[in-house]
Each structure stands twice: as C-alpha cells, then as structure tokens.
file target24.txt (compact mmCIF, C-alpha atoms)
# COMPACT_ATOMS: atom_id res chain seq x y z
CA MET A 603 -96.32 41.98 107.23
CA LYS A 604 -98.85 42.46 104.46
CA THR A 605 -101.71 44.83 105.25
CA LEU A 606 -105.23 44.83 103.79
CA PRO A 607 -107.90 47.49 104.27
CA ILE A 608 -111.11 46.35 105.94
CA TYR A 609 -114.42 48.14 106.43
CA GLN A 610 -117.41 47.13 108.52
CA ILE A 611 -120.74 48.39 107.22
CA ASP A 612 -124.22 48.25 108.74
CA ALA A 613 -126.41 47.32 105.75
CA PHE A 614 -130.15 47.71 105.16
CA THR A 615 -130.46 50.43 107.78
CA ASN A 616 -130.02 54.19 108.19
CA ARG A 617 -129.42 53.78 111.92
CA MET A 618 -126.17 52.69 113.54
CA PHE A 619 -126.19 49.35 115.42
CA ALA A 620 -129.14 48.09 113.34
CA GLY A 621 -129.40 46.26 110.04
CA ASN A 622 -126.83 43.60 109.19
CA PRO A 623 -123.11 44.19 109.71
CA ALA A 624 -120.80 42.97 106.95
CA ALA A 625 -117.06 43.22 106.47
CA VAL A 626 -115.71 44.37 103.11
CA VAL A 627 -112.11 43.70 102.07
CA PRO A 628 -110.99 45.32 98.78
CA LEU A 629 -108.13 43.38 97.16
CA ASP A 630 -105.68 43.94 94.33
CA GLY A 631 -105.88 40.22 93.54
CA TRP A 632 -107.36 37.10 95.07
CA LEU A 633 -105.93 35.60 98.20
CA SER A 634 -106.09 31.85 98.67
CA ASP A 635 -109.50 30.47 99.56
CA ALA A 636 -108.08 29.28 102.89
CA VAL A 637 -106.85 32.76 103.84
CA MET A 638 -110.15 34.40 102.88
CA GLN A 639 -112.05 31.79 104.88
CA ASN A 640 -109.81 32.42 107.88
CA ILE A 641 -110.37 36.18 107.63
CA ALA A 642 -114.13 35.59 107.57
CA MET A 643 -113.85 33.25 110.55
CA GLU A 644 -111.79 35.84 112.44
CA ASN A 645 -114.32 38.59 111.65
CA ASN A 646 -117.12 36.34 112.95
CA LEU A 647 -119.80 38.28 111.05
CA SER A 648 -122.51 36.60 109.04
CA GLU A 649 -120.59 37.51 105.87
CA THR A 650 -117.30 38.98 104.78
CA ALA A 651 -117.15 40.19 101.16
CA PHE A 652 -113.97 40.36 99.10
CA VAL A 653 -113.90 42.53 95.98
CA VAL A 654 -111.30 42.78 93.20
CA LYS A 655 -111.37 45.59 90.63
CA LEU A 656 -111.67 44.41 87.02
CA ASP A 657 -111.13 45.87 83.58
CA PRO A 658 -114.72 46.07 82.20
CA ALA A 659 -113.44 45.76 78.62
CA LYS A 660 -112.01 42.32 79.42
CA ASN A 661 -114.76 41.09 81.76
CA ASP A 662 -118.09 41.53 79.96
CA GLY A 663 -118.55 45.01 81.39
CA ALA A 664 -118.01 43.96 85.02
CA ASP A 665 -116.32 46.56 87.22
CA PHE A 666 -115.54 44.26 90.16
CA HIS A 667 -115.55 40.59 91.08
CA ILE A 668 -117.21 39.82 94.43
CA ARG A 669 -117.09 36.74 96.68
CA TRP A 670 -118.77 36.14 100.04
CA PHE A 671 -117.74 34.00 103.02
CA THR A 672 -119.58 33.15 106.24
CA PRO A 673 -117.40 32.14 109.21
CA THR A 674 -117.45 28.56 107.89
CA VAL A 675 -118.15 28.46 104.13
CA GLU A 676 -118.18 30.44 100.89
CA VAL A 677 -121.73 31.19 99.69
CA PRO A 678 -123.00 31.82 96.14
CA LEU A 679 -125.12 34.90 96.89
CA CYS A 680 -125.39 37.48 99.66
CA GLY A 681 -127.42 40.67 99.57
CA HIS A 682 -126.35 42.67 102.60
CA ALA A 683 -122.62 42.15 101.98
CA THR A 684 -123.16 43.23 98.36
CA LEU A 685 -124.92 46.36 99.57
CA ALA A 686 -122.04 46.94 101.99
CA SER A 687 -119.49 46.42 99.20
CA ALA A 688 -121.30 48.84 96.90
CA PHE A 689 -121.33 51.41 99.71
CA VAL A 690 -117.54 51.05 100.06
CA ILE A 691 -116.96 51.18 96.29
CA PHE A 692 -119.11 54.31 95.90
CA ASN A 693 -118.10 56.18 99.06
CA VAL A 694 -114.58 55.02 99.92
CA LEU A 695 -112.94 53.78 96.73
CA GLY A 696 -114.21 56.76 94.71
CA PHE A 697 -115.99 54.85 91.94
CA GLN A 698 -117.06 57.22 89.16
CA GLY A 699 -120.60 56.59 88.02
CA ASP A 700 -123.94 55.56 89.47
CA LEU A 701 -124.00 51.88 88.45
CA ILE A 702 -121.58 49.14 89.51
CA ARG A 703 -121.53 45.81 87.68
CA LEU A 704 -120.36 42.93 89.87
CA GLN A 705 -119.16 39.57 88.57
CA SER A 706 -120.19 36.79 90.96
CA ALA A 707 -120.97 33.09 91.35
CA SER A 708 -124.61 34.09 90.71
CA GLY A 709 -123.89 35.93 87.47
CA ILE A 710 -123.69 39.67 86.93
CA LEU A 711 -125.24 41.69 89.76
CA THR A 712 -125.66 45.46 89.73
CA ALA A 713 -125.73 48.12 92.42
CA ARG A 714 -127.19 51.53 91.57
CA ARG A 715 -127.21 54.81 93.50
CA ASP A 716 -130.69 56.07 94.36
CA GLY A 717 -130.22 59.22 96.42
CA ASP A 718 -128.73 58.10 99.73
CA ALA A 719 -129.89 54.53 99.11
CA ILE A 720 -128.47 51.76 96.93
CA VAL A 721 -130.57 49.44 94.74
CA LEU A 722 -129.31 45.92 94.07
CA ASN A 723 -130.47 43.87 91.07
CA PHE A 724 -130.56 40.20 92.12
CA PRO A 725 -131.95 36.97 90.66
CA LYS A 726 -135.39 35.89 91.87
CA GLN A 727 -135.26 32.68 93.91
CA SER A 728 -137.96 30.22 92.91
CA ILE A 729 -139.93 28.26 95.52
CA ALA A 730 -142.48 25.47 95.39
CA PRO A 731 -144.74 23.72 97.91
CA ASP A 732 -142.92 20.99 99.78
CA ASP A 733 -143.17 19.13 103.06
CA VAL A 734 -141.05 20.32 105.94
CA PRO A 735 -140.12 17.55 108.40
CA ALA A 736 -142.16 17.59 111.60
CA HIS A 737 -139.04 17.86 113.77
CA VAL A 738 -138.02 21.05 111.90
CA LEU A 739 -141.44 22.61 112.44
CA ALA A 740 -141.32 21.62 116.11
CA ALA A 741 -137.88 23.22 116.44
CA ILE A 742 -139.15 26.64 115.33
CA SER A 743 -142.69 27.00 116.73
CA ASP A 744 -145.75 25.30 118.19
CA ALA A 745 -147.97 27.30 115.83
CA ALA A 746 -149.43 25.60 112.76
CA PRO A 747 -148.11 27.10 109.51
CA ARG A 748 -150.24 28.34 106.63
CA GLY A 749 -147.98 26.52 104.21
CA THR A 750 -144.53 25.02 103.73
CA LEU A 751 -142.25 25.37 100.72
CA ARG A 752 -138.69 24.89 99.60
CA VAL A 753 -136.31 27.07 97.61
CA THR A 754 -136.01 25.17 94.34
CA SER A 755 -133.58 27.48 92.57
CA ARG A 756 -130.84 26.18 94.86
CA ASP A 757 -132.58 23.15 96.38
CA THR A 758 -131.75 24.40 99.83
CA ASP A 759 -133.78 26.41 102.30
CA PHE A 760 -137.12 25.48 103.81
CA VAL A 761 -139.74 28.25 103.80
CA VAL A 762 -142.47 28.20 106.46
CA VAL A 763 -145.39 30.63 106.09
CA TYR A 764 -147.57 31.72 109.02
CA ASP A 765 -150.75 33.79 109.17
CA ASP A 766 -149.68 35.87 112.17
CA ALA A 767 -146.57 38.09 112.18
CA SER A 768 -146.38 37.82 115.98
CA VAL A 769 -145.52 34.13 115.61
CA VAL A 770 -142.51 35.12 113.49
CA ARG A 771 -141.51 38.02 115.72
CA ASN A 772 -141.66 35.98 118.96
CA MET A 773 -140.13 32.77 117.64
CA LYS A 774 -137.32 31.19 119.72
CA PRO A 775 -136.01 28.31 117.63
CA ASP A 776 -134.02 25.35 118.89
CA MET A 777 -130.76 26.22 117.15
CA SER A 778 -129.09 22.94 118.12
CA ALA A 779 -131.82 21.06 116.23
CA LEU A 780 -131.66 23.38 113.20
CA GLY A 781 -127.87 23.12 113.17
CA LYS A 782 -128.18 19.43 112.27
CA LEU A 783 -129.98 20.16 109.00
CA ALA A 784 -128.17 19.20 105.84
CA GLU A 785 -130.18 21.99 104.21
CA ARG A 786 -128.91 25.53 104.32
CA GLY A 787 -131.49 27.07 106.63
CA VAL A 788 -135.10 27.87 107.47
CA ILE A 789 -136.95 31.01 106.37
CA VAL A 790 -140.10 31.95 108.29
CA THR A 791 -142.47 34.63 107.04
CA ALA A 792 -145.94 36.13 107.60
CA PRO A 793 -148.00 39.07 106.33
CA GLY A 794 -146.99 42.50 107.58
CA ASP A 795 -148.57 43.79 110.77
CA GLN A 796 -147.71 47.49 110.55
CA PRO A 797 -148.51 50.26 108.03
CA GLY A 798 -146.08 50.20 105.12
CA ILE A 799 -144.79 46.69 105.90
CA ASP A 800 -146.05 43.92 103.59
CA MET A 801 -144.18 40.99 105.14
CA VAL A 802 -142.32 40.08 108.31
CA SER A 803 -139.62 37.42 108.02
CA ARG A 804 -136.65 35.83 109.77
CA TYR A 805 -133.85 33.52 108.58
CA PHE A 806 -132.16 30.81 110.66
CA LEU A 807 -129.08 28.99 109.35
CA PRO A 808 -126.94 27.62 112.20
CA ALA A 809 -125.63 24.90 109.87
CA LEU A 810 -123.61 27.65 108.15
CA GLY A 811 -122.29 29.15 111.37
CA ILE A 812 -125.02 31.82 111.68
CA ASP A 813 -127.83 31.20 114.15
CA GLU A 814 -129.92 34.05 112.76
CA ASP A 815 -128.99 36.41 109.95
CA PRO A 816 -130.01 39.95 110.99
CA VAL A 817 -131.13 41.27 107.56
CA THR A 818 -130.85 39.21 104.38
CA GLY A 819 -131.00 40.35 100.78
CA TYR A 820 -131.02 36.79 99.43
CA MET A 821 -133.97 35.86 101.67
CA HIS A 822 -136.00 38.76 100.30
CA CYS A 823 -135.43 37.36 96.81
CA VAL A 824 -137.38 34.36 98.14
CA VAL A 825 -140.16 35.96 100.18
CA ALA A 826 -140.76 39.16 98.18
CA PRO A 827 -141.96 37.36 95.01
CA TYR A 828 -144.21 35.15 97.17
CA TRP A 829 -145.92 38.06 98.91
CA ALA A 830 -146.01 40.14 95.71
CA GLU A 831 -147.91 37.33 93.99
CA HIS A 832 -150.31 36.97 96.91
CA SER A 833 -150.91 40.72 97.21
CA GLY A 834 -151.08 41.52 93.50
CA LYS A 835 -148.38 44.19 93.91
CA SER A 836 -145.00 44.41 92.21
CA ASN A 837 -143.47 46.46 95.04
CA VAL A 838 -143.47 45.07 98.59
CA VAL A 839 -141.60 46.18 101.71
CA GLY A 840 -140.18 43.61 104.08
CA TYR A 841 -139.19 43.89 107.72
CA GLN A 842 -136.69 41.33 109.00
CA ALA A 843 -137.59 40.85 112.64
CA SER A 844 -134.21 39.92 114.06
CA LYS A 845 -132.87 41.57 117.19
CA ARG A 846 -131.14 44.24 115.07
CA GLY A 847 -133.97 44.51 112.54
CA GLY A 848 -133.95 46.01 109.06
CA ILE A 849 -136.18 47.09 106.18
CA VAL A 850 -135.80 45.98 102.56
CA ASP A 851 -137.82 47.66 99.79
CA CYS A 852 -138.37 45.06 97.06
CA THR A 853 -139.57 45.45 93.47
CA ILE A 854 -140.26 42.36 91.36
CA ASP A 855 -139.13 42.74 87.74
CA GLY A 856 -139.70 39.46 85.91
CA GLU A 857 -137.02 37.06 87.05
CA ARG A 858 -135.15 39.78 88.93
CA VAL A 859 -135.70 41.46 92.30
CA HIS A 860 -134.58 45.02 93.01
CA LEU A 861 -133.56 45.39 96.66
CA LYS A 862 -133.33 48.94 97.96
CA GLY A 863 -131.66 49.87 101.23
CA ASN A 864 -129.32 52.20 103.06
CA ALA A 865 -125.95 51.53 104.65
CA LEU A 866 -123.59 53.18 107.15
CA LEU A 867 -119.86 52.94 107.75
CA TYR A 868 -119.20 51.61 111.26
CA LEU A 869 -115.42 51.13 111.24
CA LYS A 870 -112.35 50.93 109.04
CA GLY A 871 -109.02 49.33 109.77
CA GLU A 872 -106.24 47.09 108.54
CA ILE A 873 -105.67 43.37 108.49
CA TYR A 874 -102.11 42.23 109.11
CA LEU A 875 -101.08 39.06 107.31
CA PRO A 876 -97.67 37.35 107.38
CA ASP A 877 -95.76 37.58 104.11
call {"tool": "encode", "arguments": {"input": "target24.txt", "output": "structure tokens"}}
result
Amino acid sequence: MKTLPIYQIDAFTNRMFAGNPAAVVPLDGWLSDAVMQNIAMENNLSETAFVVKLDPAKNDGADFHIRWFTPTVEVPLCGHATLASAFVIFNVLGFQGDLIRLQSASGILTARRDGDAIVLNFPKQSIAPDDVPAHVLAAISDAAPRGTLRVTSRDTDFVVVYDDASVVRNMKPDMSALGKLAERGVIVTAPGDQPGIDMVSRYFLPALGIDEDPVTGYMHCVVAPYWAEHSGKSNVVGYQASKRGGIVDCTIDGERVHLKGNALLYLKGEIYLPD
C-alpha cells in the first residue's frame, strides 16, 4: 500500500471546532485527477488541498504548486484551504522563511506569516449589477434585497445584498432549489451589526456539493471590495455567519485582497492507497 500524509486544519479561526475545516495532502508529485477527486470525496470537506514542492529557480519563484477539490469538482481558487496549506507548510513541513509563493490555477498566490496569523494575497473578484432570477431570491429569503449583482471575473456566483444583517444570519435557504443552479453559488451579504465587524455574509453552493461553506476566503475577495468602496475604507473585517462562523480581516490593495486569519491543527493521519 502507498501511504500519504493528511492534515485537517480549522482555518480562519483561533478556536477549535470553528472556522472552516480543510484537508491538506502534501505530495511528492501529482496523483491522477481521478484519485485526488476520490480523496476529496472521501474526506467530504468543502475542500481538500494538494500541494507539491517546487524548485523556485525553475518555476518563476514559486515554492509550491497548489490545487483544490470539493467533494465533486476541482475549483480554481479557495482561500481557507490555502490558509490551511500555508499553516501546514510553515508549521509541519518546516518551511524556512516568512513568505510562501504558491503556483495555482489563479496565478501566483502568496501566504505570509504575521505573528500567529497568516496573510494571503489573492486576486480581487470583480462584480457588477445584474438581475437575480425571482425563484433564486425566493429560495433564500422573503426579504427584499438592497441590490443584486453577479461575479463577473468568473461569470459565476450571484451576490445578493441586504440592509439588515439579521436577514443574512437567520436565512434558511431551500438547498434543493439552489442545487439546480447552473451557476456556482449564491453569496448573501449585509452591513456589519457588531463593533469591529464591517460586513456579515454567507455562501451557499449546493451545486458543487457544499450546501453552505463555513468560512470562505474567495467570497471575501468578492464582498470585501464592495463594502470597502461603500464605507470608504481600505481595511474591512468580515464575519461569515455560518453555523461554525469565522472572521476574515481584509485589506484592499488595488486589484489584490489581503486576507488575514488564524488556523489550528485538528488532526493528522495517513491515507492508504493501493499500489
């Protein structure tokens, strides 16, 4: 049998059993896409990240290559599993230095130590006003939204903005209806309702095998620039109001978003694969 190390990390939290759990599998070389997808399906977490160490001199300065899989598909960008991977690279694999450069389907990403926290440098996700079908709005809430938009950088997610954070916090979507969307998912967001919190958001994507993502780095690359523009601030703090909950400190830097968060090791083990 072939064995692979596996780590499960709670990301975007400093408290166990909160934030977003992600699996991280360091590899010496890529497995087949089918095997990696099966591992992610078996883990049944919102994302499993696979990382392969690179020679920076031969890979435009990149230290590792990272890929992310939900239980059903590979995705082009994932924040919490990147944070989890950086935690493993820094704290388990013994990476020397304070900045990791990661080659990915979304270009070069970086992860930087900041005390006990890690800061990710991700691409800003552009959005524009757009109509959201009435049946989608009905599937998430009876409340009338302030506005509706769509993520244009990937032509995927709907974004629905409300005036009242309690609407977002108390939302009980019809996941069977949302699961029929050809689009990736639905992001809902509202102004913050507590001191130090600028925005409250949630992310539903049952079409990708995840009813609700607990804490999402990618989503904050969508909502943080929106609320930063509306508040006139470059630094905004988001709370993702899932059952587990998590806080993401976001700084807008041109076309990039710096996502700061903590992570904790929950478990480590081995995967056994047939030769």
call {"tool": "closest_residue", "arguments": {"input": "target24.txt", "among": "A:Gly787, A:Trp670, A:Ala659, A:Asp851", "to": "Arg756 in chain A", "atoms": "all atoms listed in the file"}}
result
A:Gly787
call {"tool": "closest_residue", "arguments": {"input": "target24.txt", "among": "A:Gly848, A:Gln698, A:Asn723, A:Leu629", "to": "Asn864 in chain A", "atoms": "only C-alpha atoms"}}
result
A:Gly848
call {"tool": "closest_residue", "arguments": {"input": "target24.txt", "among": "A:Ile854, A:Val677, A:Val859, A:Ile789", "to": "Val734 in chain A", "atoms": "only C-alpha atoms"}}
result
A:Ile789
call {"tool": "atom_distance", "arguments": {"input": "target24.txt", "atom1": "CA of Met801 in chain A", "atom2": "CA of Lys726 in chain A"}}
result
16.7 Å
call {"tool": "closest_residue", "arguments": {"input": "target24.txt", "among": "A:Pro731, A:Gly847, A:Gly781, A:Pro797", "to": "Val762 in chain A", "atoms": "all atoms listed in the file"}}
result
A:Pro731
call {"tool": "atom_distance", "arguments": {"input": "target24.txt", "atom1": "CA of Arg669 in chain A", "atom2": "CA of Asp657 in chain A"}}
result
17.0 Å
call {"tool": "residues_around", "arguments": {"input": "target24.txt", "residues": "Pro876 in chain A", "least_positions_apart": "5", "cutoff": "10 Å", "atoms": "only C-alpha atoms", "output": "PyMOL selection string"}}
result
chain A and resi 603-605
call {"tool": "closest_residue", "arguments": {"input": "target24.txt", "among": "A:His737, A:Arg846, A:Lys870, A:Arg752", "to": "Gln610 in chain A", "atoms": "all atoms listed in the file"}}
result
A:Lys870
call {"tool": "closest_residue", "arguments": {"input": "target24.txt", "among": "A:Gly863, A:Pro827, A:Gly631, A:Pro775", "to": "Ala688 in chain A", "atoms": "all atoms listed in the file"}}
result
A:Gly863
call {"tool": "atom_distance", "arguments": {"input": "target24.txt", "atom1": "CA of Asp718 in chain A", "atom2": "CA of Asp665 in chain A"}}
result
21.1 Å
call {"tool": "residues_around", "arguments": {"input": "target24.txt", "residues": "Glu676 in chain A", "least_positions_apart": "2", "cutoff": "12 Å", "atoms": "only C-alpha atoms", "output": "short mmCIF file (atom, residue, chain, number, x, y, z; two decimals) with C-alpha atoms, in the coordinates of the input"}}
result
data_model
loop_
_atom_site.label_atom_id
_atom_site.label_comp_id
_atom_site.auth_asym_id
_atom_site.auth_seq_id
_atom_site.Cartn_x
_atom_site.Cartn_y
_atom_site.Cartn_z
CA ASP A 635 -109.50 30.47 99.56
CA ALA A 636 -108.08 29.28 102.89
CA VAL A 637 -106.85 32.76 103.84
CA MET A 638 -110.15 34.40 102.88
CA GLN A 639 -112.05 31.79 104.88
CA ASN A 640 -109.81 32.42 107.88
CA ILE A 641 -110.37 36.18 107.63
CA ALA A 642 -114.13 35.59 107.57
CA MET A 643 -113.85 33.25 110.55
CA SER A 648 -122.51 36.60 109.04
CA GLU A 649 -120.59 37.51 105.87
CA THR A 650 -117.30 38.98 104.78
CA ALA A 651 -117.15 40.19 101.16
CA PHE A 652 -113.97 40.36 99.10
CA ILE A 668 -117.21 39.82 94.43
CA ARG A 669 -117.09 36.74 96.68
CA TRP A 670 -118.77 36.14 100.04
CA PHE A 671 -117.74 34.00 103.02
CA THR A 672 -119.58 33.15 106.24
CA PRO A 673 -117.40 32.14 109.21
CA THR A 674 -117.45 28.56 107.89
CA PRO A 678 -123.00 31.82 96.14
CA LEU A 679 -125.12 34.90 96.89
CA CYS A 680 -125.39 37.48 99.66
CA SER A 706 -120.19 36.79 90.96
CA ALA A 707 -120.97 33.09 91.35
CA LEU A 810 -123.61 27.65 108.15
CA GLY A 811 -122.29 29.15 111.37
#
call {"tool": "residues_around", "arguments": {"input": "target24.txt", "residues": "range 790-792 of chain A", "least_positions_apart": "2", "cutoff": "10 Å", "atoms": "all atoms listed in the file", "output": "ChimeraX atom specification"}}
result
/A:742,747-748,750,760-771,773,788,794-795,800-806,821,825,829,840-843
call {"tool": "residues_around", "arguments": {"input": "target24.txt", "residues": "Ile873 in chain A", "least_positions_apart": "4", "cutoff": "7 Å", "atoms": "all atoms listed in the file", "output": "count of residues only"}}
result
4
call {"tool": "build_atoms", "arguments": {"input": "target24.txt", "residues": "range 674-686 of chain A", "atoms": "N, CA, C and O atoms", "output": "compact mmCIF listing (two decimals), keeping the file's coordinate frame"}}
result
# COMPACT_ATOMS: atom_id res chain seq x y z
N THR A 674 -117.81 29.96 108.15
CA THR A 674 -117.45 28.56 107.89
C THR A 674 -117.39 28.17 106.42
O THR A 674 -116.70 27.21 106.08
N VAL A 675 -118.11 28.88 105.53
CA VAL A 675 -118.15 28.46 104.13
C VAL A 675 -118.26 29.67 103.20
O VAL A 675 -118.70 30.75 103.60
N GLU A 676 -117.88 29.46 101.92
CA GLU A 676 -118.18 30.44 100.89
C GLU A 676 -119.61 30.22 100.40
O GLU A 676 -120.06 29.07 100.27
N VAL A 677 -120.34 31.30 100.14
CA VAL A 677 -121.73 31.19 99.69
C VAL A 677 -121.87 31.81 98.30
O VAL A 677 -121.08 32.68 97.91
N PRO A 678 -122.88 31.36 97.52
CA PRO A 678 -123.00 31.82 96.14
C PRO A 678 -123.72 33.14 95.96
O PRO A 678 -123.71 33.70 94.87
N LEU A 679 -124.38 33.65 97.03
CA LEU A 679 -125.12 34.90 96.89
C LEU A 679 -125.33 35.49 98.27
O LEU A 679 -125.67 34.77 99.21
N CYS A 680 -125.15 36.80 98.38
CA CYS A 680 -125.39 37.48 99.66
C CYS A 680 -125.77 38.92 99.38
O CYS A 680 -125.00 39.66 98.75
N GLY A 681 -126.93 39.33 99.86
CA GLY A 681 -127.42 40.67 99.57
C GLY A 681 -126.79 41.75 100.42
O GLY A 681 -126.30 42.77 99.90
N HIS A 682 -126.80 41.56 101.75
CA HIS A 682 -126.35 42.67 102.60
C HIS A 682 -124.87 42.95 102.43
O HIS A 682 -124.44 44.11 102.49
N ALA A 683 -124.06 41.91 102.19
CA ALA A 683 -122.62 42.15 101.98
C ALA A 683 -122.36 42.76 100.61
O ALA A 683 -121.35 43.44 100.41
N THR A 684 -123.27 42.54 99.65
CA THR A 684 -123.16 43.23 98.36
C THR A 684 -123.52 44.70 98.52
O THR A 684 -122.85 45.58 97.96
N LEU A 685 -124.57 44.97 99.28
CA LEU A 685 -124.92 46.36 99.57
C LEU A 685 -123.77 47.06 100.28
O LEU A 685 -123.41 48.20 99.95
N ALA A 686 -123.18 46.38 101.25
CA ALA A 686 -122.04 46.94 101.99
C ALA A 686 -120.86 47.19 101.05
O ALA A 686 -120.19 48.24 101.13
